[in-house]
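Text of coords29.cif, listed as mmCIF, C-alpha atoms and all ligand atoms:
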```cif
data_final
#
loop_
_atom_site.label_atom_id
_atom_site.label_comp_id
_atom_site.auth_asym_id
_atom_site.auth_seq_id
_atom_site.Cartn_x
_atom_site.Cartn_y
_atom_site.Cartn_z
CA MET A 112 132.82 91.68 118.47
CA SER A 113 130.52 90.72 115.59
CA GLU A 114 130.02 93.02 112.62
CA LYS A 115 126.68 94.84 112.70
CA VAL A 116 124.57 96.30 109.93
CA TYR A 117 121.58 98.64 110.40
CA LEU A 118 118.60 96.95 108.71
CA TYR A 119 115.46 97.78 110.67
CA PRO A 120 114.57 101.49 110.90
CA VAL A 121 112.35 102.59 113.79
CA TRP A 122 109.16 102.62 111.73
CA ILE A 123 109.67 99.00 110.63
CA ARG A 124 110.29 97.92 114.23
CA LEU A 125 107.18 99.73 115.46
CA TRP A 126 105.10 98.32 112.62
CA HIS A 127 106.47 94.83 113.20
CA TRP A 128 105.86 94.58 116.96
CA PHE A 129 102.36 96.10 116.69
CA ASN A 130 101.64 93.63 113.89
CA ALA A 131 103.02 90.69 115.93
CA ILE A 132 100.95 91.54 119.05
CA LEU A 133 97.80 92.15 116.99
CA CYS A 134 98.27 88.88 115.07
CA LEU A 135 98.64 86.95 118.33
CA LEU A 136 95.46 88.58 119.72
CA LEU A 137 93.60 87.82 116.47
CA ILE A 138 94.75 84.18 116.44
CA VAL A 139 93.83 83.52 120.09
CA THR A 140 90.41 85.23 119.87
CA GLY A 141 89.75 83.71 116.41
CA VAL A 142 90.47 80.18 117.68
CA SER A 143 88.31 80.83 120.75
CA MET A 144 85.32 82.02 118.67
CA GLN A 145 85.65 79.25 116.10
CA TYR A 146 86.35 76.23 118.26
CA SER A 147 85.52 76.64 121.93
CA ASP A 148 82.43 75.07 123.43
CA PRO A 149 79.95 77.98 123.87
CA ALA A 150 79.18 76.65 127.37
CA PHE A 151 82.90 76.84 128.37
CA PRO A 152 84.54 79.32 125.98
CA MET A 153 88.29 79.83 126.05
CA ILE A 154 87.56 83.60 126.10
CA ARG A 155 84.04 84.96 126.79
CA PHE A 156 82.40 85.10 123.34
CA ASP A 157 81.42 88.81 123.40
CA TRP A 158 84.92 89.76 124.64
CA ALA A 159 86.55 87.62 121.95
CA VAL A 160 84.40 89.33 119.26
CA SER A 161 85.27 92.83 120.53
CA ILE A 162 89.01 92.13 120.88
CA HIS A 163 89.06 90.46 117.42
CA ASP A 164 87.22 93.36 115.75
CA ILE A 165 89.31 96.12 117.37
CA SER A 166 92.61 94.28 116.73
CA GLY A 167 91.58 93.65 113.11
CA ILE A 168 90.84 97.34 112.51
CA ILE A 169 94.16 98.45 114.07
CA LEU A 170 96.03 95.76 112.08
CA ALA A 171 94.44 96.99 108.83
CA ILE A 172 95.51 100.60 109.58
CA ASN A 173 98.99 99.33 110.54
CA TYR A 174 99.14 97.43 107.24
CA ILE A 175 98.27 100.59 105.27
CA LEU A 176 101.10 102.42 107.09
CA PHE A 177 103.50 99.53 106.29
CA THR A 178 102.52 99.74 102.60
CA ILE A 179 103.00 103.54 102.56
CA GLY A 180 106.38 103.09 104.30
CA ASN A 181 107.51 100.53 101.72
CA LEU A 182 106.32 102.70 98.82
CA THR A 183 108.08 105.81 100.09
CA THR A 184 111.35 104.44 101.54
CA SER A 185 114.10 102.11 100.32
CA ASN A 186 112.65 99.28 102.46
CA GLY A 187 110.23 98.53 99.61
CA LYS A 188 113.07 97.22 97.42
CA HIS A 189 113.37 94.15 99.66
CA TYR A 190 109.78 93.18 98.82
CA ILE A 191 110.30 92.73 95.06
CA PHE A 192 111.18 89.42 93.41
CA ARG A 193 114.40 89.49 91.40
CA LYS A 194 115.71 87.00 88.83
CA LYS A 195 116.49 83.30 89.52
CA ILE A 196 113.93 83.05 92.36
CA LEU A 197 113.45 79.27 92.14
CA LYS A 198 117.18 78.52 91.86
CA ASN A 199 117.97 80.79 94.82
CA LEU A 200 115.17 79.25 96.92
CA ILE A 201 116.63 75.77 96.29
CA VAL A 202 120.17 76.94 97.19
CA GLN A 203 118.91 78.47 100.46
CA ALA A 204 116.78 75.40 101.32
CA ARG A 205 119.79 73.16 100.66
CA PHE A 206 121.85 75.31 103.02
CA TYR A 207 119.23 74.97 105.80
CA ALA A 208 118.91 71.20 105.18
CA PHE A 209 122.63 70.31 104.93
CA GLY A 210 125.16 73.16 104.62
CA ILE A 211 124.37 74.73 107.98
CA PHE A 212 125.18 71.44 109.77
CA LYS A 213 128.53 71.21 107.95
CA GLY A 214 129.51 74.73 109.03
CA GLU A 215 129.22 76.19 105.50
CA ASP A 216 128.88 79.97 105.10
CA PRO A 217 125.35 81.25 104.26
CA PRO A 218 124.94 81.32 100.45
CA PHE A 219 123.29 84.78 100.56
CA PRO A 220 125.07 86.91 103.18
CA ILE A 221 122.84 89.61 104.71
CA THR A 222 123.78 93.12 103.55
CA GLU A 223 122.09 96.52 103.55
CA LYS A 224 121.36 96.03 99.84
CA SER A 225 119.83 92.59 100.34
CA LYS A 226 118.59 92.06 103.90
CA PHE A 227 116.55 88.89 103.33
CA ASN A 228 117.74 85.49 102.17
CA PRO A 229 115.59 84.03 99.31
CA LEU A 230 113.36 81.97 101.66
CA GLN A 231 112.74 84.99 103.93
CA LYS A 232 112.04 87.18 100.92
CA PHE A 233 109.63 84.67 99.38
CA SER A 234 107.70 84.09 102.63
CA TYR A 235 107.57 87.82 103.54
CA ILE A 236 106.34 88.79 100.05
CA VAL A 237 103.63 86.09 100.04
CA ILE A 238 102.49 86.91 103.59
CA MET A 239 102.58 90.70 103.21
CA HIS A 240 101.43 91.09 99.59
CA ALA A 241 98.91 88.23 99.32
CA ILE A 242 97.78 86.55 102.55
CA THR A 243 97.50 89.65 104.79
CA PRO A 244 95.50 91.69 102.20
CA ILE A 245 93.11 88.72 101.71
CA VAL A 246 92.61 88.29 105.46
CA ILE A 247 91.98 92.04 105.84
CA ILE A 248 89.56 92.31 102.88
CA SER A 249 87.63 89.16 103.93
CA GLY A 250 87.57 90.50 107.51
CA ILE A 251 86.07 93.80 106.31
CA MET A 252 83.46 91.87 104.30
CA LEU A 253 82.54 89.80 107.38
CA PHE A 254 82.18 93.08 109.29
CA PHE A 255 79.37 94.06 106.88
CA PRO A 256 77.59 90.72 106.28
CA GLU A 257 74.59 92.46 104.65
CA LEU A 258 76.87 93.35 101.70
CA ILE A 259 77.56 89.68 100.96
CA SER A 260 74.12 88.15 101.48
CA PHE A 261 74.03 86.60 97.99
CA ASP A 262 74.98 83.22 96.53
CA ILE A 263 78.06 82.27 94.49
CA PHE A 264 77.71 78.96 92.61
CA GLY A 265 74.91 77.89 94.95
CA SER A 266 76.79 78.63 98.20
CA GLY A 267 76.35 81.70 100.37
CA ALA A 268 79.02 84.37 99.73
CA LEU A 269 79.12 84.93 103.51
CA HIS A 270 80.01 81.28 104.09
CA ILE A 271 82.72 81.31 101.39
CA THR A 272 84.20 84.55 102.76
CA ASP A 273 84.22 83.06 106.25
CA ILE A 274 86.07 79.92 105.06
CA LEU A 275 88.59 82.05 103.13
CA HIS A 276 89.18 84.23 106.22
CA VAL A 277 89.76 81.19 108.45
CA ILE A 278 92.12 79.52 105.92
CA MET A 279 94.20 82.73 105.64
CA GLY A 280 94.26 82.96 109.46
CA PHE A 281 95.62 79.40 109.58
CA ILE A 282 98.30 80.19 107.00
CA ILE A 283 99.42 83.21 109.06
CA SER A 284 99.48 81.03 112.22
CA ILE A 285 101.67 78.43 110.49
CA PHE A 286 103.89 81.20 109.05
CA LEU A 287 104.31 82.60 112.57
CA VAL A 288 105.62 79.30 113.98
CA VAL A 289 108.02 78.78 111.05
CA HIS A 290 109.03 82.49 111.12
CA ILE A 291 109.95 82.39 114.82
CA TYR A 292 111.87 79.12 114.33
CA PHE A 293 113.93 80.57 111.45
CA CYS A 294 114.55 83.76 113.45
CA THR A 295 116.46 81.60 115.98
CA ILE A 296 119.00 80.78 113.22
CA GLY A 297 121.16 83.83 113.63
CA ARG A 298 124.66 84.48 114.97
CA THR A 299 123.23 83.31 118.31
CA PRO A 300 119.67 81.95 118.85
CA VAL A 301 118.53 85.36 120.17
CA SER A 302 120.49 87.79 117.99
CA ASN A 303 117.77 88.18 115.32
CA PHE A 304 115.17 88.93 117.99
CA LYS A 305 117.49 91.57 119.48
CA SER A 306 117.90 93.14 116.03
CA MET A 307 114.15 93.75 115.79
CA PHE A 308 114.53 95.91 118.94
CA THR A 309 117.85 97.61 118.24
CA GLY A 310 117.64 97.85 114.43
CA PHE A 311 121.13 96.30 114.03
CA HIS A 312 121.58 92.85 112.49
CA GLU A 313 124.60 90.89 113.80
CA LYS A 314 126.46 89.19 110.96
CA HIS A 315 127.54 85.52 111.23
C1 LIG A 401 105.75 86.95 118.27
C2 LIG A 401 105.74 87.08 116.96
C3 LIG A 401 106.91 87.44 116.08
C4 LIG A 401 108.26 87.42 116.34
C5 LIG A 401 108.97 87.01 117.63
C6 LIG A 401 108.94 87.89 115.13
C7 LIG A 401 110.31 88.04 114.97
C8 LIG A 401 110.92 88.66 113.91
C9 LIG A 401 112.32 88.96 113.79
C10 LIG A 401 113.35 88.60 114.86
C11 LIG A 401 112.56 89.57 112.62
C12 LIG A 401 113.93 90.07 112.10
C13 LIG A 401 114.70 88.98 111.46
C14 LIG A 401 114.24 88.66 110.08
O1 LIG A 401 114.09 89.55 109.22
O2 LIG A 401 113.99 87.49 109.83
C15 LIG A 401 111.29 89.68 111.93
C16 LIG A 401 111.09 90.28 110.71
C17 LIG A 401 109.89 90.29 110.04
N1 LIG A 401 108.71 89.75 110.47
FE1 LIG A 401 108.35 88.93 112.29
N2 LIG A 401 107.99 88.17 114.18
C18 LIG A 401 106.75 87.91 114.72
C19 LIG A 401 105.54 88.06 114.08
C20 LIG A 401 105.38 88.39 112.75
C21 LIG A 401 104.12 88.40 112.05
C22 LIG A 401 102.77 88.02 112.67
C23 LIG A 401 104.38 88.81 110.77
C24 LIG A 401 103.44 88.97 109.60
C25 LIG A 401 102.21 88.52 109.54
C26 LIG A 401 105.80 89.07 110.68
C27 LIG A 401 106.45 89.52 109.54
C28 LIG A 401 107.76 89.93 109.50
C29 LIG A 401 108.35 90.63 108.37
C30 LIG A 401 107.64 91.02 107.07
C31 LIG A 401 109.68 90.89 108.72
C32 LIG A 401 110.70 91.67 107.90
C33 LIG A 401 110.48 93.18 108.18
C34 LIG A 401 111.42 94.09 107.38
O3 LIG A 401 112.59 94.18 107.75
O4 LIG A 401 110.97 94.70 106.35
N3 LIG A 401 106.38 88.80 111.90
N4 LIG A 401 110.31 89.12 112.74
#
```

Starting from the file, give its structure as structure tokens.
Ligand code: HEM
Amino acid sequence: MSEKVYLYPVWIRLWHWFNAILCLLLIVTGVSMQYSDPAFPMIRFDWAVSIHDISGIILAINYILFTIGNLTTSNGKHYIFRKKILKNLIVQARFYAFGIFKGEDPPFPITEKSKFNPLQKFSYIVIMHAITPIVIISGIMLFFPELISFDIFGSGALHITDILHVIMGFIISIFLVVHIYFCTIGRTPVSNFKSMFTGFHEKH
């Protein structure tokens, strides 16, 4: 039997799976609106707009709840950079590139006090504290285009906001692929996915 540690309280699991489903809906409808041929859309354009808008609003509310949860519980401590960030990131990257194939032990064992390794911590902080807020704020601005009908340095603010929104959407899509890949590196390829349902992380 592997040793287990309780890392994901119910509210984090609920937040996470809502967030994951909403992000997938937003990515699929966003890609459909941006790239499909209007004559043969991937998803009917008016449906894609409605699903994208509704999912975006629910995701923004879910994000506010996540922020309140992190501010009011001990989960927030995992979303703060500590000392030696760069050095720790290099040690973890070296482990993923070489050490893991030589059977070395993880350099930063997962504990209740420190539930993310440095690469997880860095990517989660950037995605949750920078990219997601930008995608939400730019999404709200695109919801009220009349508020941004002015020019910035000769280009329309609406156009710039749109480009920013799409770039952030792409970053989240790339994060998602990398995130799911790294989640397969657990005690078994599925144990980290199970932990996001049960709350218990299985140690190596
Ligand atoms: C189908 C999509 C997804 C799957 C299967 C998935 C899977 C997982 C798993 C297994 C974990 C627990 C292991 C770990 O901490 O690394 C996790 C944690 C996490 N995921 Fe995801 N994820 C998905 C989508 C997303 C998205 C879209 C985001 C953000 C935009 C995200 C952000 C996070 C964060 C911040 C945590 C840590 C939560 C905490 O404990 O405080 N995930 N995910």

When you look at Gly141 of chain A with a cut-off of 9 Å (counting only C-alpha atoms), what residues show up, excluding the ones that are within fewer than 3 positions of it in the same chain? I need them as a PyMOL selection string. chain A and resi 136-138+144-146+159-160+163+277+280

Could you give me the residues within 8 Å of ligand LIG 401 (chain A), counting all atoms listed in the file, as a VMD selection string? chain A and resid 118 to 119 123 to 124 127 to 128 130 to 135 186 to 187 189 to 190 226 to 227 231 235 to 236 238 to 239 243 283 to 284 286 to 287 290 to 291 293 to 295 302 to 307 312

How about saving the chosen residues, C-alpha atoms kept, as a compact mmCIF listing (two decimals), in the frame of the given file?
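Saved to result26.txt:
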```txt
# COMPACT_ATOMS: atom_id res chain seq x y z
CA LEU A 118 118.60 96.95 108.71
CA TYR A 119 115.46 97.78 110.67
CA ILE A 123 109.67 99.00 110.63
CA ARG A 124 110.29 97.92 114.23
CA HIS A 127 106.47 94.83 113.20
CA TRP A 128 105.86 94.58 116.96
CA ASN A 130 101.64 93.63 113.89
CA ALA A 131 103.02 90.69 115.93
CA ILE A 132 100.95 91.54 119.05
CA LEU A 133 97.80 92.15 116.99
CA CYS A 134 98.27 88.88 115.07
CA LEU A 135 98.64 86.95 118.33
CA ASN A 186 112.65 99.28 102.46
CA GLY A 187 110.23 98.53 99.61
CA HIS A 189 113.37 94.15 99.66
CA TYR A 190 109.78 93.18 98.82
CA LYS A 226 118.59 92.06 103.90
CA PHE A 227 116.55 88.89 103.33
CA GLN A 231 112.74 84.99 103.93
CA TYR A 235 107.57 87.82 103.54
CA ILE A 236 106.34 88.79 100.05
CA ILE A 238 102.49 86.91 103.59
CA MET A 239 102.58 90.70 103.21
CA THR A 243 97.50 89.65 104.79
CA ILE A 283 99.42 83.21 109.06
CA SER A 284 99.48 81.03 112.22
CA PHE A 286 103.89 81.20 109.05
CA LEU A 287 104.31 82.60 112.57
CA HIS A 290 109.03 82.49 111.12
CA ILE A 291 109.95 82.39 114.82
CA PHE A 293 113.93 80.57 111.45
CA CYS A 294 114.55 83.76 113.45
CA THR A 295 116.46 81.60 115.98
CA SER A 302 120.49 87.79 117.99
CA ASN A 303 117.77 88.18 115.32
CA PHE A 304 115.17 88.93 117.99
CA LYS A 305 117.49 91.57 119.48
CA SER A 306 117.90 93.14 116.03
CA MET A 307 114.15 93.75 115.79
CA HIS A 312 121.58 92.85 112.49
```

For Thr222 of chain A: contacts at 10 Å, all atoms listed in the file, fewer than 6 positions along chain excluded, given as number ranges by chain: A: 115-118, 228, 312, 314

For Pro220 of chain A, the nearest of the candidates A:Gln203, A:Ile191, A:Ile168, A:Leu197, counting all atoms listed in the file: A:Gln203

Just to confirm, what's the straight-line distance from atom CA of Ile179 of chain A to atom CA of Phe129 of chain A in Å (one decimal)?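 The value is 16.0 Å.
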
Which distance in Å separates atom CA of Ile201 of chain A and atom CA of Phe219 of chain A, to one decimal?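 Separation of atom CA of Ile201 of chain A and atom CA of Phe219 of chain A: 12.0 Å.
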